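J.: Once you've had a glance at the structure underneath, I'll fire off some questions.
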Amino acid sequence: MILAVGGAACTPKKQSANTIAENKIEAPQFNADSAYTYIEKQVDFGPRVPNTNAQLACADYLTASLKRFNATVTRQESSVTAYNGTKLRNINIIGAFNPDAQARILLFSHWDSRPWADQDPDPANRNTPVMAANDGASGVGVLLEIARQLAQKQPTIGVDIIFFDTEDYGVESDQSPNAENSWCLGTQYWAHSPHIPGYRARFGILLDMVGAGDATFYREQYSDYYASFVVNNVWNTAAKLGFGKYFINEKGGAITDDHVYINQIAEIPSIDIIQYNPHFEKGFANYWHTIHDTMDNIDKNTLHAVGTTLLHVIYNEQ
Ligand code: AHN
Ligand code: ZN
């Protein structure tokens, strides 16, 4: 009963409105304005496409932000090879909170922008990079606000936040014979070569496209296959907090995303909170991978629902 307020009958002390009964820990308040600003800040660099100056500028911003929130920061830079043979500068940015704690949670999002708006209805736009306000920046913005909260109140458990690069350089199987494993290159690199050899976490949570007003998050199928206990935890927490209109407790799509490699290669049970509606033709929103993935679609209510749910999951982990 996460939101029950007030103490047991024998507790004379007045409790604050935020106090959570039944041994639940108090979670700090997620500030959606702050998360929104962190998204806007990334978008202001322009598309964060690998091998561009915007990539470098945004990497510096993300690194500096995590440092400002007192994380122990590792910037993991490498070269990865895209499906078409292009060498991509990959920059994974890792922030460790409570780094000495043995028990850890891993939170992650991709921060790169897709180089081509190949789903745009207008063929003239299909070589234009995506601004990636939702598909990239939204998850990072929520995690930066969580980082700010972690700096203010240390949870019992250790938390690692990873911003993965070069997620969105992939193609579908009808586009290239090399399409397999063409997505999530930064995550694949890290899963093979984690910043700490033998890195372990109790579980992982990926945020992907978590900022749009029309968002619904169904139970993604790889998440349920590898980590149903985490899906249950997150969706139950959201329901108790009153966010059931976003977190739909029904089967969603099976989506090849960063969490698949964290499950399969790093073997950390991990889930994907991703905007996907199995009742829509494309599943993804109609602005997905178009030039219309801009701040116009970002809604603070959705950021609030996702961020608040995550904070409760983090602070209730013993
Ligand atoms: C596929 O469409 C195969 N995967 C989607 C992963 C993704 C792209 N998430 C955001 N952009
Ligand atoms: Zn994408």
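Identifiers in the structure tokens: chain A, B, ... in order shown; residue index from 1 per chain; ligand index from 1 in order shown.
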For ligand 1, collect every residue having any atom at a distance of at most 8 Å from a ligand atom (counting only C-alpha atoms and all ligand atoms); output as a short mmCIF file (atom, residue, chain, number, x, y, z; two decimals) with C-alpha atoms, in the first residue's frame.

T.:
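What ended up in result29.cif:
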```
data_model
loop_
_atom_site.label_atom_id
_atom_site.label_comp_id
_atom_site.auth_asym_id
_atom_site.auth_seq_id
_atom_site.Cartn_x
_atom_site.Cartn_y
_atom_site.Cartn_z
CA ARG A 114 18.58 8.58 -35.42
CA ASP A 135 13.17 8.85 -28.94
CA GLY A 136 16.27 9.40 -26.89
CA GLU A 167 21.25 2.76 -30.36
CA ASP A 168 19.34 4.22 -33.26
CA GLY A 170 19.93 0.29 -37.06
CA VAL A 171 17.94 -0.97 -40.04
CA GLU A 172 15.20 -3.51 -40.62
CA TRP A 183 20.58 -1.56 -33.30
CA CYS A 184 21.88 -0.88 -29.81
CA ASP A 208 12.72 4.49 -24.21
CA MET A 209 10.26 7.10 -25.47
CA ILE A 255 10.94 -5.03 -29.24
CA THR A 256 14.63 -5.38 -30.00
CA ASP A 257 15.99 -2.68 -27.75
CA ASP A 258 18.94 -2.08 -25.42
CA ILE A 274 8.68 1.86 -23.96
CA TRP A 288 8.39 8.01 -34.41
CA HIS A 289 11.48 8.29 -36.65
#
```

J.: Quick one: residues within 10 Å of Gly95 in chain A, only C-alpha atoms, excluding same-chain residues fewer than 2 positions away - as JSON, numbers by chain?

T.: {"A": [62, 63, 65, 66, 67, 69, 70, 71, 72, 73, 74, 75, 93, 97, 99, 107, 147, 159, 160, 161, 162, 163]}

J.: Keeping N, CA, C and O atoms, export the residues of the selection given above as a PDB file, in the first residue's frame.

T.:
```pdb
ATOM      1  N   LEU A  62      26.136  15.790 -20.717  1.00  0.00           N
ATOM      2  CA  LEU A  62      25.657  14.667 -19.896  1.00  0.00           C
ATOM      3  C   LEU A  62      26.698  14.287 -18.836  1.00  0.00           C
ATOM      4  O   LEU A  62      26.347  14.015 -17.679  1.00  0.00           O
ATOM      5  N   THR A  63      27.962  14.302 -19.234  1.00  0.00           N
ATOM      6  CA  THR A  63      29.036  13.994 -18.282  1.00  0.00           C
ATOM      7  C   THR A  63      29.058  15.017 -17.150  1.00  0.00           C
ATOM      8  O   THR A  63      29.094  14.663 -15.960  1.00  0.00           O
ATOM      9  N   SER A  65      26.679  16.950 -16.155  1.00  0.00           N
ATOM     10  CA  SER A  65      25.453  16.873 -15.344  1.00  0.00           C
ATOM     11  C   SER A  65      25.573  15.786 -14.290  1.00  0.00           C
ATOM     12  O   SER A  65      25.259  16.004 -13.108  1.00  0.00           O
ATOM     13  N   LEU A  66      26.020  14.599 -14.690  1.00  0.00           N
ATOM     14  CA  LEU A  66      26.156  13.510 -13.717  1.00  0.00           C
ATOM     15  C   LEU A  66      27.184  13.866 -12.642  1.00  0.00           C
ATOM     16  O   LEU A  66      27.002  13.532 -11.472  1.00  0.00           O
ATOM     17  N   LYS A  67      28.239  14.558 -13.050  1.00  0.00           N
ATOM     18  CA  LYS A  67      29.243  14.971 -12.054  1.00  0.00           C
ATOM     19  C   LYS A  67      28.648  15.974 -11.071  1.00  0.00           C
ATOM     20  O   LYS A  67      28.906  15.918  -9.867  1.00  0.00           O
ATOM     21  N   PHE A  69      25.738  16.051 -10.084  1.00  0.00           N
ATOM     22  CA  PHE A  69      24.881  15.318  -9.148  1.00  0.00           C
ATOM     23  C   PHE A  69      25.692  14.303  -8.329  1.00  0.00           C
ATOM     24  O   PHE A  69      25.148  13.330  -7.809  1.00  0.00           O
ATOM     25  N   ASN A  70      26.991  14.539  -8.257  1.00  0.00           N
ATOM     26  CA  ASN A  70      27.888  13.767  -7.374  1.00  0.00           C
ATOM     27  C   ASN A  70      28.012  12.297  -7.738  1.00  0.00           C
ATOM     28  O   ASN A  70      28.337  11.477  -6.877  1.00  0.00           O
ATOM     29  N   ALA A  71      27.739  11.958  -8.986  1.00  0.00           N
ATOM     30  CA  ALA A  71      27.974  10.579  -9.413  1.00  0.00           C
ATOM     31  C   ALA A  71      29.461  10.374  -9.665  1.00  0.00           C
ATOM     32  O   ALA A  71      30.191  11.325  -9.956  1.00  0.00           O
ATOM     33  N   THR A  72      29.892   9.129  -9.539  1.00  0.00           N
ATOM     34  CA  THR A  72      31.218   8.735 -10.017  1.00  0.00           C
ATOM     35  C   THR A  72      31.055   8.426 -11.498  1.00  0.00           C
ATOM     36  O   THR A  72      30.334   7.500 -11.876  1.00  0.00           O
ATOM     37  N   VAL A  73      31.675   9.240 -12.352  1.00  0.00           N
ATOM     38  CA  VAL A  73      31.354   9.180 -13.780  1.00  0.00           C
ATOM     39  C   VAL A  73      32.459   8.482 -14.575  1.00  0.00           C
ATOM     40  O   VAL A  73      33.644   8.750 -14.388  1.00  0.00           O
ATOM     41  N   THR A  74      32.037   7.586 -15.451  1.00  0.00           N
ATOM     42  CA  THR A  74      32.948   6.946 -16.411  1.00  0.00           C
ATOM     43  C   THR A  74      32.455   7.277 -17.813  1.00  0.00           C
ATOM     44  O   THR A  74      31.269   7.110 -18.119  1.00  0.00           O
ATOM     45  N   ARG A  75      33.356   7.778 -18.624  1.00  0.00           N
ATOM     46  CA  ARG A  75      33.014   8.049 -20.015  1.00  0.00           C
ATOM     47  C   ARG A  75      33.698   6.982 -20.849  1.00  0.00           C
ATOM     48  O   ARG A  75      34.923   6.947 -20.945  1.00  0.00           O
ATOM     49  N   ILE A  93      28.017   6.885 -21.320  1.00  0.00           N
ATOM     50  CA  ILE A  93      28.297   7.720 -20.151  1.00  0.00           C
ATOM     51  C   ILE A  93      27.628   7.088 -18.932  1.00  0.00           C
ATOM     52  O   ILE A  93      26.410   6.855 -18.931  1.00  0.00           O
ATOM     53  N   PHE A  97      26.023   5.901  -8.349  1.00  0.00           N
ATOM     54  CA  PHE A  97      25.599   6.505  -7.086  1.00  0.00           C
ATOM     55  C   PHE A  97      25.726   5.450  -5.998  1.00  0.00           C
ATOM     56  O   PHE A  97      25.335   4.311  -6.197  1.00  0.00           O
ATOM     57  N   PRO A  99      28.520   4.138  -4.853  1.00  0.00           N
ATOM     58  CA  PRO A  99      29.305   3.170  -5.642  1.00  0.00           C
ATOM     59  C   PRO A  99      29.810   1.971  -4.859  1.00  0.00           C
ATOM     60  O   PRO A  99      30.092   0.940  -5.458  1.00  0.00           O
ATOM     61  N   LEU A 107      19.879   1.651 -14.344  1.00  0.00           N
ATOM     62  CA  LEU A 107      18.871   2.409 -15.098  1.00  0.00           C
ATOM     63  C   LEU A 107      19.536   2.908 -16.372  1.00  0.00           C
ATOM     64  O   LEU A 107      20.656   3.422 -16.322  1.00  0.00           O
ATOM     65  N   ALA A 147      18.807  11.366 -11.118  1.00  0.00           N
ATOM     66  CA  ALA A 147      20.178  11.586 -10.621  1.00  0.00           C
ATOM     67  C   ALA A 147      20.208  12.765  -9.649  1.00  0.00           C
ATOM     68  O   ALA A 147      20.870  12.711  -8.606  1.00  0.00           O
ATOM     69  N   VAL A 159      22.916   2.701  -7.231  1.00  0.00           N
ATOM     70  CA  VAL A 159      22.242   2.917  -8.519  1.00  0.00           C
ATOM     71  C   VAL A 159      23.276   3.313  -9.560  1.00  0.00           C
ATOM     72  O   VAL A 159      24.125   4.175  -9.303  1.00  0.00           O
ATOM     73  N   ASP A 160      23.213   2.669 -10.720  1.00  0.00           N
ATOM     74  CA  ASP A 160      24.035   3.080 -11.859  1.00  0.00           C
ATOM     75  C   ASP A 160      23.117   3.563 -12.970  1.00  0.00           C
ATOM     76  O   ASP A 160      22.124   2.901 -13.299  1.00  0.00           O
ATOM     77  N   ILE A 161      23.456   4.718 -13.512  1.00  0.00           N
ATOM     78  CA  ILE A 161      22.709   5.266 -14.645  1.00  0.00           C
ATOM     79  C   ILE A 161      23.634   5.230 -15.846  1.00  0.00           C
ATOM     80  O   ILE A 161      24.761   5.739 -15.778  1.00  0.00           O
ATOM     81  N   ILE A 162      23.181   4.600 -16.920  1.00  0.00           N
ATOM     82  CA  ILE A 162      24.009   4.576 -18.137  1.00  0.00           C
ATOM     83  C   ILE A 162      23.239   5.204 -19.296  1.00  0.00           C
ATOM     84  O   ILE A 162      22.100   4.831 -19.583  1.00  0.00           O
ATOM     85  N   PHE A 163      23.900   6.161 -19.943  1.00  0.00           N
ATOM     86  CA  PHE A 163      23.394   6.730 -21.184  1.00  0.00           C
ATOM     87  C   PHE A 163      24.148   6.058 -22.322  1.00  0.00           C
ATOM     88  O   PHE A 163      25.356   6.282 -22.494  1.00  0.00           O
TER      89      PHE A 163
END
```

J.: Any chance you could list, as JSON, numbers by chain, the residues in range 69-308 of chain A that come up alpha helix (DSSP H) when DSSP is run on the backbone?

T.: {"A": [138, 139, 140, 141, 142, 143, 144, 145, 146, 147, 148, 149, 150, 151, 152, 185, 186, 187, 188, 189, 190, 191, 192, 221, 222, 223, 224, 225, 226, 227, 228, 229, 230, 231, 232, 233, 234, 235, 236, 237, 238, 239, 240, 258, 259, 260, 261, 262, 263, 264, 300, 301, 302, 303, 304, 305, 306, 307, 308]}

J.: Contacts of range 189-191 of chain A at 10 Å or less, counting only C-alpha atoms, minus same-chain residues fewer than 2 places along, as a PyMOL selection string?

T.: chain A and resi 76+78-80+90+92+162+164-165+184-187+193-196+199+258+261-268

J.: Return as number ranges by chain the full set of residues in range 129-257 of chain A whose backbone-based DSSP assignment is strand (DSSP E or B).

T.: A: 158-164, 203-208, 212, 217-219, 247-251

J.: Quick one: distance from CA of Tyr36 in chain A to CA of Arg48 in chain A in Å, one decimal?

T.: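 Going from CA of Tyr36 in chain A over to CA of Arg48 in chain A covers 17.4 Å.
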
J.: For a test of reading the model, state the distance in Å between CA of Lys240 in chain A and CA of Thr308 in chain A, rounded to one decimal.

T.: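 If I compute the distance from CA of Lys240 in chain A to CA of Thr308 in chain A, I get 11.4 Å.
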
J.: So which one's closest to ligand 2, A:His110, A:Arg219, A:Arg202, A:His304? Using only C-alpha atoms and all ligand atoms, please.

T.: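 Looking only at the distances to ligand 2, the closest residue turns out to be A:His110.
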
J.: Using only C-alpha atoms, determine which residues lie at most 12 Å from Thr37 in chain A, disregarding the query and same-chain residues fewer than 2 positions distant; provide the list as a compact mmCIF listing (two decimals) with N, CA and C atoms, in the first residue's frame.

T.:
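What ended up in around.txt:
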```txt
# COMPACT_ATOMS: atom_id res chain seq x y z
N ASN A 31 10.53 15.97 -10.00
CA ASN A 31 10.17 17.28 -10.56
C ASN A 31 10.15 17.21 -12.09
N ALA A 32 8.94 17.19 -12.66
CA ALA A 32 8.79 17.04 -14.11
C ALA A 32 9.27 18.28 -14.87
N ASP A 33 9.19 19.44 -14.25
CA ASP A 33 9.72 20.66 -14.89
C ASP A 33 11.21 20.52 -15.14
N SER A 34 11.87 19.99 -14.14
CA SER A 34 13.30 19.80 -14.24
C SER A 34 13.64 18.77 -15.34
N ALA A 35 12.92 17.66 -15.35
CA ALA A 35 13.15 16.65 -16.40
C ALA A 35 12.92 17.25 -17.78
N ILE A 39 15.51 17.62 -21.08
CA ILE A 39 15.22 17.14 -22.45
C ILE A 39 15.47 18.27 -23.44
N GLU A 40 14.93 19.42 -23.10
CA GLU A 40 15.08 20.61 -23.96
C GLU A 40 16.56 20.92 -24.21
N LYS A 41 17.33 20.81 -23.16
CA LYS A 41 18.76 21.10 -23.23
C LYS A 41 19.46 20.20 -24.26
N GLN A 42 19.11 18.91 -24.25
CA GLN A 42 19.69 17.98 -25.23
C GLN A 42 19.26 18.34 -26.64
N VAL A 43 17.96 18.61 -26.80
CA VAL A 43 17.43 18.93 -28.13
C VAL A 43 18.08 20.20 -28.68
N ASP A 44 18.41 21.12 -27.81
CA ASP A 44 19.04 22.38 -28.23
C ASP A 44 20.41 22.17 -28.89
N ALA A 133 13.48 14.19 -29.54
CA ALA A 133 13.05 14.67 -28.23
C ALA A 133 12.48 13.52 -27.41
N ALA A 137 16.02 11.62 -25.98
CA ALA A 137 16.20 12.64 -24.93
C ALA A 137 15.24 12.46 -23.75
N SER A 138 14.03 11.93 -23.99
CA SER A 138 13.06 11.86 -22.88
C SER A 138 13.54 10.93 -21.77
N VAL A 140 16.59 10.05 -21.07
CA VAL A 140 17.76 10.67 -20.45
C VAL A 140 17.33 11.79 -19.50
N GLY A 141 16.35 12.58 -19.93
CA GLY A 141 15.86 13.68 -19.09
C GLY A 141 15.28 13.17 -17.79
N VAL A 142 14.49 12.10 -17.86
CA VAL A 142 13.93 11.50 -16.64
C VAL A 142 15.05 10.99 -15.75
N LEU A 144 18.18 12.01 -15.64
CA LEU A 144 18.94 13.12 -15.05
C LEU A 144 18.21 13.69 -13.84
N GLU A 145 16.90 13.77 -13.92
CA GLU A 145 16.15 14.26 -12.75
C GLU A 145 16.24 13.24 -11.60
N MET A 295 10.02 18.69 -29.28
CA MET A 295 9.52 19.05 -27.95
C MET A 295 8.00 19.17 -27.93
N ILE A 298 6.34 16.45 -26.09
CA ILE A 298 6.75 16.12 -24.71
C ILE A 298 5.76 16.70 -23.71
N ASP A 299 5.31 15.85 -22.81
CA ASP A 299 4.25 16.21 -21.86
C ASP A 299 4.74 15.92 -20.43
N LYS A 300 4.68 16.93 -19.60
CA LYS A 300 5.20 16.80 -18.24
C LYS A 300 4.43 15.78 -17.40
N LEU A 303 6.10 12.48 -18.01
CA LEU A 303 7.41 12.47 -17.32
C LEU A 303 7.20 12.24 -15.83
```

J.: Need to verify the contact set: Gly244 in chain A, 12 Å, only C-alpha atoms, exclusion of same-chain residues closer than 5 positions in sequence. Can you return it as a PyMOL selection string?

T.: chain A and resi 215-218+234-239+249-250+302+305-306+309

J.: Out of A:Val313, A:Met131, A:Cys58, A:Leu241, which residue has the shortest atom-to-atom distance to ligand 2 when counting only C-alpha atoms and all ligand atoms?

T.: A:Met131
